[in-house]
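Trainee: Compact mmCIF, C-alpha atoms (C1' of nucleotides), saved as upload02.txt, coming up:
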# COMPACT_ATOMS: atom_id res chain seq x y z
CA MET S 228 17.49 43.70 -9.90
CA SER S 229 21.14 42.73 -9.38
CA THR S 230 21.52 39.14 -10.37
CA SER S 231 25.08 40.09 -11.20
CA ALA S 232 28.10 38.04 -10.21
CA ASP S 233 29.00 40.28 -7.28
CA ALA S 234 25.79 39.22 -5.53
CA ARG S 235 27.11 35.66 -5.54
CA ARG S 236 26.95 33.87 -2.26
CA PRO S 237 29.90 31.99 -0.79
CA GLY S 238 30.03 28.20 -0.95
CA ARG S 239 29.30 25.69 -3.67
CA PRO S 240 27.01 27.09 -6.39
CA ARG S 241 23.70 25.42 -7.14
CA SER S 242 23.91 22.96 -9.98
CA PRO S 243 22.10 24.07 -13.16
CA GLU S 244 22.05 20.44 -14.25
CA ALA S 245 20.11 19.44 -11.14
CA HIS S 246 17.72 22.33 -11.72
CA ALA S 247 16.98 21.27 -15.28
CA ALA S 248 16.77 17.60 -14.36
CA ILE S 249 14.14 18.36 -11.71
CA LEU S 250 11.95 20.34 -14.10
CA ARG S 251 12.28 17.66 -16.79
CA ALA S 252 11.46 14.89 -14.33
CA ALA S 253 8.39 16.80 -13.10
CA LEU S 254 7.06 17.15 -16.64
CA GLU S 255 7.74 13.52 -17.50
CA LEU S 256 5.99 12.26 -14.39
CA ALA S 257 3.03 14.58 -14.84
CA LEU S 258 2.72 13.23 -18.35
CA GLU S 259 2.82 9.62 -17.22
CA GLY S 260 0.55 9.79 -14.20
CA GLY S 261 -1.14 13.17 -14.16
CA LEU S 262 -0.89 15.49 -11.23
CA ARG S 263 -1.96 12.67 -8.98
CA GLY S 264 1.10 10.65 -9.91
CA LEU S 265 3.35 13.58 -9.21
CA SER S 266 5.14 13.11 -5.90
CA MET S 267 8.25 14.84 -4.68
CA GLU S 268 9.77 11.46 -3.94
CA ALA S 269 9.23 10.31 -7.51
CA ILE S 270 10.57 13.57 -8.95
CA ALA S 271 13.72 13.33 -6.84
CA ALA S 272 14.26 9.70 -7.81
CA ARG S 273 13.66 10.35 -11.52
CA ALA S 274 15.95 13.37 -11.53
CA GLY S 275 18.63 11.53 -9.60
CA VAL S 276 18.52 14.19 -6.94
CA GLY S 277 18.03 14.40 -3.21
CA LYS S 278 14.72 15.71 -1.94
CA ALA S 279 16.52 18.50 -0.09
CA THR S 280 17.87 19.71 -3.42
CA ILE S 281 14.30 20.26 -4.55
CA TYR S 282 13.08 21.92 -1.38
CA ARG S 283 16.10 24.21 -1.49
CA ARG S 284 14.72 25.68 -4.72
CA TRP S 285 10.93 25.48 -4.44
CA LYS S 286 8.86 25.67 -1.33
CA SER S 287 6.06 23.49 -2.57
CA LYS S 288 5.10 21.05 -5.29
CA GLU S 289 2.81 23.67 -6.79
CA ALA S 290 5.57 26.26 -7.04
CA LEU S 291 7.80 23.72 -8.72
CA PHE S 292 5.14 22.75 -11.20
CA MET S 293 4.38 26.35 -12.13
CA ASP S 294 7.99 26.73 -13.19
CA ALA S 295 7.90 23.44 -15.05
CA LEU S 296 4.85 24.65 -16.96
CA GLY S 297 6.87 27.50 -18.42
CA GLU S 298 9.23 24.97 -20.00
CA ILE S 299 6.68 23.41 -22.30
CA ALA S 300 5.85 26.40 -24.45
CA THR S 301 7.37 29.67 -25.52
CA THR S 302 5.20 32.68 -26.21
CA PRO S 303 3.99 32.78 -29.81
CA ASP S 304 4.50 35.87 -31.91
CA VAL S 305 1.91 37.11 -34.35
CA PRO S 306 2.59 36.30 -38.01
CA ASP S 307 1.55 38.74 -40.73
CA THR S 308 1.35 37.13 -44.14
CA GLY S 309 -1.38 39.35 -45.55
CA THR S 310 -4.20 36.82 -45.51
CA VAL S 311 -6.04 35.24 -42.63
CA ARG S 312 -5.44 31.80 -44.04
CA GLY S 313 -1.72 32.45 -44.33
CA ASP S 314 -1.49 33.88 -40.83
CA PHE S 315 -3.40 30.95 -39.50
CA MET S 316 -1.22 28.43 -41.31
CA ALA S 317 1.92 30.06 -39.92
CA ALA S 318 0.46 30.24 -36.43
CA SER S 319 -0.54 26.59 -36.33
CA ALA S 320 2.85 25.49 -37.63
CA GLN S 321 4.44 27.62 -34.96
CA ALA S 322 2.22 26.14 -32.27
CA VAL S 323 3.25 22.64 -33.22
CA ASP S 324 6.93 23.59 -33.35
CA ARG S 325 7.07 25.54 -30.13
CA LEU S 326 4.93 23.29 -28.02
CA ALA S 327 6.90 20.40 -26.66
CA PRO S 328 5.49 17.12 -28.03
CA GLN S 329 4.43 16.24 -24.50
CA ALA S 330 2.20 19.28 -24.37
CA PHE S 331 -0.42 17.67 -26.56
CA ARG S 332 -1.09 15.13 -23.90
CA LEU S 333 -0.25 17.21 -20.88
CA VAL S 334 -2.04 20.49 -21.45
CA PRO S 335 -5.62 19.32 -21.86
CA ARG S 336 -5.23 17.01 -18.93
CA LEU S 337 -3.92 19.80 -16.76
CA LEU S 338 -6.57 22.18 -17.95
CA ALA S 339 -9.30 20.05 -16.53
CA GLU S 340 -7.41 18.78 -13.52
CA ALA S 341 -6.83 22.41 -12.62
CA GLY S 342 -10.50 22.71 -11.80
CA ASP S 343 -9.50 21.70 -8.27
CA ASP S 344 -7.00 24.49 -7.92
CA PRO S 345 -7.85 28.09 -8.86
CA GLU S 346 -4.22 29.17 -8.73
CA LEU S 347 -3.10 26.43 -11.06
CA LEU S 348 -6.03 27.17 -13.35
CA GLU S 349 -5.00 30.80 -13.53
CA ALA S 350 -1.37 29.88 -14.16
CA MET S 351 -2.44 27.57 -16.99
CA HIS S 352 -4.55 30.27 -18.59
CA GLU S 353 -1.85 32.86 -18.26
CA ALA S 354 0.99 30.69 -19.55
CA LEU S 355 -0.72 28.68 -22.23
CA LEU S 356 -4.28 29.44 -23.15
CA ARG S 357 -4.57 33.21 -23.15
CA PRO S 358 -1.55 33.92 -25.36
CA ARG S 359 -2.90 31.54 -27.99
CA LYS S 360 -6.45 32.82 -27.85
CA ALA S 361 -5.10 36.36 -28.11
CA LEU S 362 -3.02 35.33 -31.11
CA ILE S 363 -6.00 33.91 -32.95
CA ALA S 364 -8.19 36.85 -31.97
CA GLU S 365 -5.61 39.27 -33.39
CA ILE S 366 -5.44 37.40 -36.68
CA LEU S 367 -9.23 37.43 -36.95
CA ARG S 368 -9.43 41.11 -36.05
CA ARG S 369 -7.06 42.05 -38.85
CA GLY S 370 -9.05 39.86 -41.22
CA VAL S 371 -12.17 41.85 -40.39
CA GLU S 372 -10.34 45.18 -40.85
CA ARG S 373 -9.08 44.03 -44.22
CA GLY S 374 -12.61 43.14 -45.26
CA GLU S 375 -11.62 39.52 -45.64
CA LEU S 376 -14.02 38.40 -42.92
CA ARG S 377 -17.60 39.41 -42.20
CA ALA S 378 -17.92 42.80 -40.54
CA GLY S 379 -20.00 41.87 -37.51
CA LEU S 380 -17.96 38.80 -36.69
CA ASP S 381 -18.03 37.81 -33.02
CA ILE S 382 -14.31 37.53 -32.37
CA ASP S 383 -14.65 35.68 -29.08
CA LEU S 384 -17.02 33.15 -30.55
CA ALA S 385 -14.90 32.72 -33.65
CA THR S 386 -11.79 32.17 -31.55
CA ASP S 387 -13.48 29.38 -29.64
CA MET S 388 -14.71 27.91 -32.89
CA VAL S 389 -11.17 27.74 -34.19
CA LEU S 390 -9.54 26.42 -31.02
CA GLY S 391 -12.43 24.32 -29.74
CA PRO S 392 -12.41 21.52 -32.31
CA ILE S 393 -8.66 21.15 -31.91
CA ILE S 394 -8.90 20.94 -28.14
CA ALA S 395 -11.76 18.49 -28.44
CA ARG S 396 -9.87 16.29 -30.87
CA VAL S 397 -6.82 16.20 -28.62
CA LEU S 398 -8.96 15.34 -25.61
CA THR S 399 -10.89 12.54 -27.21
CA SER S 400 -7.88 11.00 -28.89
CA GLY S 401 -5.93 10.74 -25.65
CA GLY S 402 -3.51 13.39 -26.86
CA ASP S 403 -2.08 11.74 -29.95
CA PRO S 404 -0.38 14.57 -31.90
CA ARG S 405 -1.09 12.76 -35.18
CA SER S 406 -4.80 13.10 -34.52
CA ILE S 407 -4.58 16.83 -35.14
CA ALA S 408 -2.25 16.70 -38.13
CA GLY S 409 -3.73 19.02 -40.73
CA LEU S 410 -6.78 19.58 -38.55
CA PRO S 411 -6.33 23.33 -37.97
CA LEU S 412 -6.42 24.16 -41.67
CA ARG S 413 -9.32 21.83 -42.37
CA VAL S 414 -11.21 23.46 -39.52
CA TRP S 415 -10.40 26.89 -40.85
CA ASP S 416 -11.46 26.16 -44.41
CA ALA S 417 -14.70 24.63 -43.23
CA LEU S 418 -15.35 27.67 -41.06
CA VAL S 419 -14.86 30.09 -43.93
CA GLU S 420 -16.86 28.17 -46.47
CA GLY S 421 -19.70 27.22 -44.19
CA MET S 422 -21.61 24.01 -44.25
CA GLY S 423 -24.77 25.07 -46.04
CA ALA S 424 -25.60 23.49 -49.39
CA MET T 271 -31.06 -13.30 -16.09
CA SER T 272 -33.24 -14.06 -13.04
CA THR T 273 -33.06 -11.01 -10.88
CA SER T 274 -36.49 -12.14 -9.77
CA ALA T 275 -37.60 -12.29 -6.17
CA ASP T 276 -37.13 -16.04 -5.92
CA ALA T 277 -33.36 -15.54 -6.28
CA ARG T 278 -33.46 -13.55 -3.07
CA ARG T 279 -30.90 -14.41 -0.48
CA PRO T 280 -31.78 -15.00 3.16
CA GLY T 281 -31.07 -12.33 5.72
CA ARG T 282 -31.56 -8.60 5.78
CA PRO T 283 -31.81 -7.11 2.28
CA ARG T 284 -29.37 -4.46 1.15
CA SER T 285 -30.69 -0.98 1.65
CA PRO T 286 -31.51 0.88 -1.59
CA GLU T 287 -31.27 4.12 0.35
CA ALA T 288 -27.66 3.39 1.30
CA HIS T 289 -26.91 2.47 -2.32
CA ALA T 290 -28.28 5.77 -3.62
CA ALA T 291 -26.67 7.79 -0.85
CA ILE T 292 -23.26 6.33 -1.70
CA LEU T 293 -23.53 7.18 -5.39
CA ARG T 294 -24.77 10.67 -4.62
CA ALA T 295 -21.98 11.27 -2.10
CA ALA T 296 -19.38 10.07 -4.61
CA LEU T 297 -20.62 12.53 -7.23
CA GLU T 298 -20.79 15.41 -4.78
CA LEU T 299 -17.27 14.81 -3.53
CA ALA T 300 -15.87 14.37 -7.03
CA LEU T 301 -17.45 17.67 -7.90
CA GLU T 302 -15.97 19.43 -4.90
CA GLY T 303 -12.47 18.08 -4.97
CA GLY T 304 -11.98 16.17 -8.21
CA LEU T 305 -10.97 12.58 -8.28
CA ARG T 306 -8.07 13.44 -6.02
CA GLY T 307 -10.41 14.52 -3.26
CA LEU T 308 -12.42 11.34 -3.58
CA SER T 309 -11.66 8.97 -0.72
CA MET T 310 -13.68 6.03 0.46
CA GLU T 311 -13.56 7.45 3.97
CA ALA T 312 -15.06 10.73 2.80
CA ILE T 313 -17.72 8.96 0.72
CA ALA T 314 -18.74 6.81 3.67
CA ALA T 315 -18.89 9.81 5.99
CA ARG T 316 -20.86 11.95 3.52
CA ALA T 317 -23.30 9.14 2.80
CA GLY T 318 -23.72 8.35 6.50
CA VAL T 319 -22.63 4.81 5.83
CA GLY T 320 -19.98 2.38 7.05
CA LYS T 321 -17.06 1.65 4.79
CA ALA T 322 -17.95 -2.02 4.83
CA THR T 323 -21.31 -1.13 3.31
CA ILE T 324 -19.45 0.30 0.33
CA TYR T 325 -17.00 -2.55 -0.07
CA ARG T 326 -19.90 -4.99 0.12
CA ARG T 327 -21.19 -3.48 -3.15
CA TRP T 328 -18.09 -2.38 -5.09
CA LYS T 329 -14.70 -3.93 -5.01
CA SER T 330 -12.79 -0.73 -5.68
CA LYS T 331 -13.13 3.02 -5.81
CA GLU T 332 -12.93 2.87 -9.58
CA ALA T 333 -15.79 0.39 -9.86
CA LEU T 334 -17.91 2.57 -7.62
CA PHE T 335 -17.18 5.65 -9.64
CA MET T 336 -18.04 3.95 -12.93
CA ASP T 337 -21.52 3.31 -11.57
CA ALA T 338 -21.77 6.85 -10.25
CA LEU T 339 -20.95 8.15 -13.72
CA GLY T 340 -24.07 6.53 -15.09
CA GLU T 341 -26.17 8.66 -12.75
CA ILE T 342 -25.25 11.99 -14.23
CA ALA T 343 -26.65 11.54 -17.70
CA THR T 344 -29.32 9.55 -19.45
CA THR T 345 -28.87 8.46 -23.03
CA PRO T 346 -30.14 11.07 -25.47
CA ASP T 347 -32.60 10.11 -28.17
CA VAL T 348 -32.46 11.50 -31.67
CA PRO T 349 -34.96 14.27 -32.40
CA ASP T 350 -36.46 14.59 -35.89
CA THR T 351 -37.93 18.01 -36.53
CA GLY T 352 -37.31 18.08 -40.27
CA THR T 353 -34.47 20.61 -40.29
CA VAL T 354 -30.94 20.35 -39.02
CA ARG T 355 -31.32 23.54 -37.06
CA GLY T 356 -34.47 22.29 -35.38
CA ASP T 357 -32.92 18.93 -34.58
CA PHE T 358 -29.92 20.66 -33.18
CA MET T 359 -31.96 23.03 -31.06
CA ALA T 360 -33.93 20.12 -29.62
CA ALA T 361 -30.79 18.12 -28.99
CA SER T 362 -29.01 20.89 -27.13
CA ALA T 363 -32.04 21.63 -25.00
CA GLN T 364 -32.22 17.94 -24.22
CA ALA T 365 -28.54 17.84 -23.31
CA VAL T 366 -28.96 20.66 -20.84
CA ASP T 367 -32.08 19.09 -19.35
CA ARG T 368 -30.78 15.56 -19.04
CA LEU T 369 -27.33 16.36 -17.82
CA ALA T 370 -27.26 17.00 -14.12
CA PRO T 371 -26.18 20.59 -13.44
CA GLN T 372 -23.04 19.21 -11.81
CA ALA T 373 -22.05 17.56 -15.06
CA PHE T 374 -20.93 20.83 -16.58
CA ARG T 375 -18.18 21.07 -14.05
CA LEU T 376 -17.58 17.38 -13.50
CA VAL T 377 -17.42 15.95 -17.00
CA PRO T 378 -14.63 18.03 -18.51
CA ARG T 379 -12.59 17.61 -15.39
CA LEU T 380 -13.01 13.88 -15.49
CA LEU T 381 -12.33 13.71 -19.18
CA ALA T 382 -8.84 15.03 -18.68
CA GLU T 383 -8.18 13.39 -15.35
CA ALA T 384 -9.08 10.12 -17.00
CA GLY T 385 -5.91 10.35 -19.03
CA ASP T 386 -4.29 8.52 -16.13
CA ASP T 387 -6.60 5.57 -16.37
CA PRO T 388 -7.43 3.91 -19.70
CA GLU T 389 -10.39 2.06 -18.22
CA LEU T 390 -11.93 5.20 -16.81
CA LEU T 391 -11.26 7.02 -20.07
CA GLU T 392 -13.08 4.31 -21.97
CA ALA T 393 -15.98 4.38 -19.51
CA MET T 394 -16.25 8.14 -19.92
CA HIS T 395 -16.29 7.89 -23.68
CA GLU T 396 -18.82 5.10 -23.66
CA ALA T 397 -21.17 6.70 -21.16
CA LEU T 398 -20.96 10.34 -22.11
CA LEU T 399 -19.02 11.37 -25.15
CA ARG T 400 -19.80 8.75 -27.79
CA PRO T 401 -23.59 8.86 -27.48
CA ARG T 402 -23.53 12.64 -27.95
CA LYS T 403 -21.11 12.59 -30.84
CA ALA T 404 -23.21 9.87 -32.46
CA LEU T 405 -26.32 11.98 -31.95
CA ILE T 406 -24.80 14.99 -33.67
CA ALA T 407 -23.35 12.85 -36.45
CA GLU T 408 -26.77 11.36 -37.12
CA ILE T 409 -28.39 14.79 -37.32
CA LEU T 410 -25.71 15.96 -39.74
CA ARG T 411 -26.01 12.81 -41.85
CA ARG T 412 -29.72 13.34 -42.33
CA GLY T 413 -29.04 16.96 -43.19
CA VAL T 414 -26.76 15.85 -45.99
CA GLU T 415 -29.30 13.29 -47.25
CA ARG T 416 -31.95 15.98 -47.30
CA GLY T 417 -29.69 18.23 -49.34
CA GLU T 418 -29.70 20.77 -46.58
CA LEU T 419 -25.96 20.45 -46.03
CA ARG T 420 -23.10 20.22 -48.51
CA ALA T 421 -22.76 16.81 -50.15
CA GLY T 422 -19.12 16.08 -49.39
CA LEU T 423 -19.34 17.16 -45.76
CA ASP T 424 -16.82 15.47 -43.47
CA ILE T 425 -19.16 14.26 -40.75
CA ASP T 426 -16.42 13.52 -38.22
CA LEU T 427 -14.86 16.91 -38.69
CA ALA T 428 -18.20 18.67 -38.57
CA THR T 429 -19.13 16.86 -35.37
CA ASP T 430 -15.97 18.05 -33.69
CA MET T 431 -16.62 21.55 -34.97
CA VAL T 432 -20.02 21.55 -33.33
CA LEU T 433 -19.00 19.99 -30.02
CA GLY T 434 -15.50 21.40 -29.79
CA PRO T 435 -16.31 25.05 -29.11
CA ILE T 436 -18.81 24.05 -26.44
CA ILE T 437 -16.33 21.77 -24.71
CA ALA T 438 -13.67 24.48 -24.94
CA ARG T 439 -15.95 27.11 -23.48
CA VAL T 440 -16.91 24.87 -20.58
CA LEU T 441 -13.26 24.07 -19.89
CA THR T 442 -12.01 27.61 -19.95
CA SER T 443 -14.85 28.99 -17.89
CA GLY T 444 -14.31 26.53 -15.07
CA GLY T 445 -17.58 24.81 -15.87
CA ASP T 446 -20.06 27.60 -15.41
CA PRO T 447 -23.27 26.44 -17.15
CA ARG T 448 -24.23 30.04 -17.91
CA SER T 449 -21.12 30.37 -20.05
CA ILE T 450 -22.66 28.10 -22.67
CA ALA T 451 -26.17 29.54 -22.57
CA GLY T 452 -27.22 30.00 -26.17
CA LEU T 453 -23.79 28.99 -27.36
CA PRO T 454 -24.77 25.83 -29.27
CA LEU T 455 -27.14 27.69 -31.58
CA ARG T 456 -24.74 30.57 -32.12
CA VAL T 457 -22.05 28.06 -33.01
CA TRP T 458 -24.35 26.29 -35.37
CA ASP T 459 -25.52 29.41 -37.19
CA ALA T 460 -21.94 30.60 -37.58
CA LEU T 461 -20.97 27.20 -38.95
CA VAL T 462 -23.70 27.22 -41.57
CA GLU T 463 -23.21 30.79 -42.70
CA GLY T 464 -19.45 30.74 -42.73
CA MET T 465 -17.16 33.56 -41.79
CA GLY T 466 -16.17 34.84 -45.21
CA ALA T 467 -17.08 38.37 -46.22
C1' DT Y 101 -37.75 -18.17 17.72
C1' DC Y 102 -33.65 -19.03 15.01
C1' DG Y 103 -30.28 -18.47 11.35
C1' DT Y 104 -28.57 -15.33 8.10
C1' DT Y 105 -27.32 -11.08 6.21
C1' DT Y 106 -26.85 -6.10 6.32
C1' DC Y 107 -26.75 -2.10 9.03
C1' DG Y 108 -23.65 2.10 10.89
C1' DG Y 109 -19.59 2.63 13.31
C1' DT Y 110 -14.95 1.97 14.63
C1' DA Y 111 -10.42 -0.04 15.34
C1' DC Y 112 -6.76 -1.90 13.02
C1' DT Y 113 -2.72 -2.76 9.75
C1' DC Y 114 -0.31 -1.33 5.67
C1' DT Y 115 1.23 1.65 2.33
C1' DT Y 116 2.41 6.11 0.40
C1' DC Y 117 4.01 10.46 0.66
C1' DC Y 118 5.26 14.98 2.84
C1' DG Y 119 8.61 17.87 4.80
C1' DT Y 120 12.62 18.03 7.94
C1' DC Y 121 16.93 16.69 9.21
C1' DT Y 122 21.51 14.66 9.04
C1' DC Y 123 25.45 12.62 6.75
C1' DG Y 124 30.07 12.69 4.37
C1' DA Y 125 31.74 14.42 -0.01
C1' DA Y 126 32.44 18.05 -3.26
C1' DA Y 127 32.81 22.82 -5.05
C1' DC Y 128 33.49 27.28 -4.59
C1' DG Y 129 35.68 32.27 -2.52
C1' DA Y 130 38.87 34.35 0.59
C1' DT A 286 43.85 25.92 4.08
C1' DC A 287 39.41 27.28 5.97
C1' DG A 288 34.54 28.51 6.01
C1' DT A 289 30.40 28.07 3.55
C1' DT A 290 27.09 26.08 0.69
C1' DT A 291 25.31 22.44 -2.25
C1' DC A 292 25.59 17.79 -3.53
C1' DG A 293 23.05 12.82 -3.52
C1' DA A 294 21.20 9.82 -0.31
C1' DG A 295 18.36 8.33 3.07
C1' DA A 296 16.36 8.14 7.98
C1' DC A 297 12.62 9.93 10.51
C1' DG A 298 7.93 11.32 12.34
C1' DG A 299 3.59 12.42 10.96
C1' DA A 300 -0.70 12.49 8.14
C1' DA A 301 -3.88 10.40 5.09
C1' DG A 302 -6.24 6.88 3.26
C1' DA A 303 -6.94 1.88 1.52
C1' DG A 304 -8.97 -2.29 2.71
C1' DT A 305 -10.16 -5.77 6.50
C1' DA A 306 -12.21 -7.23 10.76
C1' DC A 307 -15.20 -6.92 14.31
C1' DC A 308 -19.10 -5.03 17.11
C1' DG A 309 -24.06 -5.02 18.65
C1' DA A 310 -28.43 -3.86 16.41
C1' DA A 311 -31.84 -4.48 12.92
C1' DA A 312 -34.39 -6.81 9.15
C1' DC A 313 -35.68 -10.38 6.78
C1' DG A 314 -37.34 -15.90 5.66
C1' DA A 315 -38.28 -20.30 7.57
Please, can you express the file's structure as structure tokens?

Mentor:
Amino acid sequence: MSTSADARRPGRPRSPEAHAAILRAALELALEGGLRGLSMEAIAARAGVGKATIYRRWKSKEALFMDALGEIATTPDVPDTGTVRGDFMAASAQAVDRLAPQAFRLVPRLLAEAGDDPELLEAMHEALLRPRKALIAEILRRGVERGELRAGLDIDLATDMVLGPIIARVLTSGGDPRSIAGLPLRVWDALVEGMGA
Amino acid sequence: MSTSADARRPGRPRSPEAHAAILRAALELALEGGLRGLSMEAIAARAGVGKATIYRRWKSKEALFMDALGEIATTPDVPDTGTVRGDFMAASAQAVDRLAPQAFRLVPRLLAEAGDDPELLEAMHEALLRPRKALIAEILRRGVERGELRAGLDIDLATDMVLGPIIARVLTSGGDPRSIAGLPLRVWDALVEGMGA
DNA sequence: TCGTTTCGGTACTCTTCCGTCTCGAAACGA
DNA sequence: TCGTTTCGAGACGGAAGAGTACCGAAACGA
């Protein structure tokens, strides 16, 4: 509760610069070498920091990385433009803006790598995937209420059909952000119109 | 060219059982612990084989794993039932049959983990992803020729829209095969009909 | 039988990394 | 000034695993 100044401990305060440098170094290294290439030694060296400075703040590599995960994306808020297409356009622009550029390469890699580690998998879902799926689901739900979308629409299925192609494209392109430029809207239009002759 | 018997070397022949046991052990261990949990020591122990027996056949862990990859899926052939829906139904049934059950957990994990290693990424694409994308693209192309699908259909986009949701569902479910039961056809029907009111 | 090669197993060196600990310097409050 | 804590840096012991070398036994052709 009280993170106020009177709870301050004596002695030299912890450096916020070191804190930020450690998180940034962890993300950079995860991006370059995956979770396998992520060693405490490398993080300390990259951040220009002693290893003790890291262990003073986090008790394990996993705990550190969970915090670092929070740095790559802020929670999206739900746009309301009146049409599903408008909402979706705003949401995808927001996703691109608020996700760090690294995320396009890092997130899908982590998502799969997390198969080894249930806790990491859950942290990924909680921090990154679920908020975005919920966002899309909400947009779709309002579209159905408005009569803009088919009444019996399977929201879960539709959500995966919107997100899936984007995830797939990122995965198979090695995470090049250009590969998904304009893709969300093209996917959406194709979904609405259907493919039948 | 001549893998014939006359090219046989003197001495005790290499054991095919050991060969198979090594590949099987590598797949099992990759499935249990990801590529991180894959050590030559563990493979040798699991296979009941000496490490030298492995190094006699493959010069590195990566080379071994490339071969092991080939074991999990056989190349699909293109069905021709006369309708896109029929082709697609046959293809997805085939995919489930021909992919080892492990593949549903292993492949997506590898796909992302392979971001570390361009060679492995390429091997994955070549062995697993490209044949299946090509299969779907071919089915769609014939659908367009037949007039069953819209003339201007973007085949690449449509392929990702078919495969993407399935990949996404597998990823986010942790690779439970039941999570995609019936999904391919539901995706396909939704794609054809469209979502508009 | 003899020479060659592979067999499973193990011992070995080398490298990488973890997590702890210590160092002298620096940054704070009292 | 004095006590406390953090700072960057690195030494240290231990664990894990890569890749090599060697062992005696077994499986082949000549």

Trainee: Residues of chain A no more than 9 Å from chain T, counting only C-alpha atoms (C1' of nucleotides): send them over as a list in words.

Mentor: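 Result: DG302, DA303, DG304, DT305, DA311, DA312, DC313 and DG314 of chain A.
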
Trainee: Rounded to one decimal in Å, what is the spacing between atom CA of T:Ala315 and atom CA of T:Ile342?

Mentor: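 The value is 21.3 Å.
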
Trainee: Give me, as a list in words, the residues of chain Y touching chain S, with the criterion being at most 8 Å (counting all atoms listed in the file).

Mentor: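 For chain Y, the answer reads DC117, DA127, DC128 and DG129 of chain Y.
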
Trainee: Please determine, counting all atoms listed in the file, which residue among S:Arg263, S:Arg373, S:Arg251, S:Arg368 has the shortest atom-to-atom distance to chain T.

Mentor: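 Once distances to chain T are computed over all atoms listed in the file, the minimum belongs to S:Arg263.
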
Trainee: If we count only C-alpha atoms (C1' of nucleotides) and set the cut-off at 10 Å, which residues sit around Y:DT110, ignoring sequence neighbours fewer than 5 positions away in its own chain? Please answer as a list in words.

Mentor: Gly320 of chain T; DC307 and DC308 of chain A

Trainee: Using all atoms listed in the file, which of S:Val389, S:Leu376, S:Ile281, S:Leu265 sits nearest chain T?

Mentor: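 Using all atoms listed in the file, chain T sits closest to S:Leu376.
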
Trainee: Provide the atom CA of T:Trp328 to atom CA of T:Thr344 distance in Å, to one decimal place.

Mentor: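 Between these atoms lies a distance of 21.8 Å.
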
Trainee: Determine the nearest neighbour of A:DC297 from the options Y:DC118, Y:DA130, Y:DC102, Y:DC112, counting all atoms listed in the file.

Mentor: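 The shortest atom-to-atom distance to A:DC297 comes from Y:DC118.
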
Trainee: For A:DA310, please output as a PyMOL selection string all residues within 12 Å (counting only C-alpha atoms (C1' of nucleotides); exclusion window: fewer than 5 positions along the same chain).

Mentor: chain Y and resi 106-109

Trainee: Take the residues from that selection and put them in a file with C-alpha atoms (C1' of nucleotides), as a PDB file, in the coordinates of the input.

Mentor:
ATOM      1  C1'  DT Y 106     -26.850  -6.100   6.320  1.00  0.00           C
ATOM      2  C1'  DC Y 107     -26.750  -2.100   9.030  1.00  0.00           C
ATOM      3  C1'  DG Y 108     -23.650   2.100  10.890  1.00  0.00           C
ATOM      4  C1'  DG Y 109     -19.590   2.630  13.310  1.00  0.00           C
TER       5       DG Y 109
END
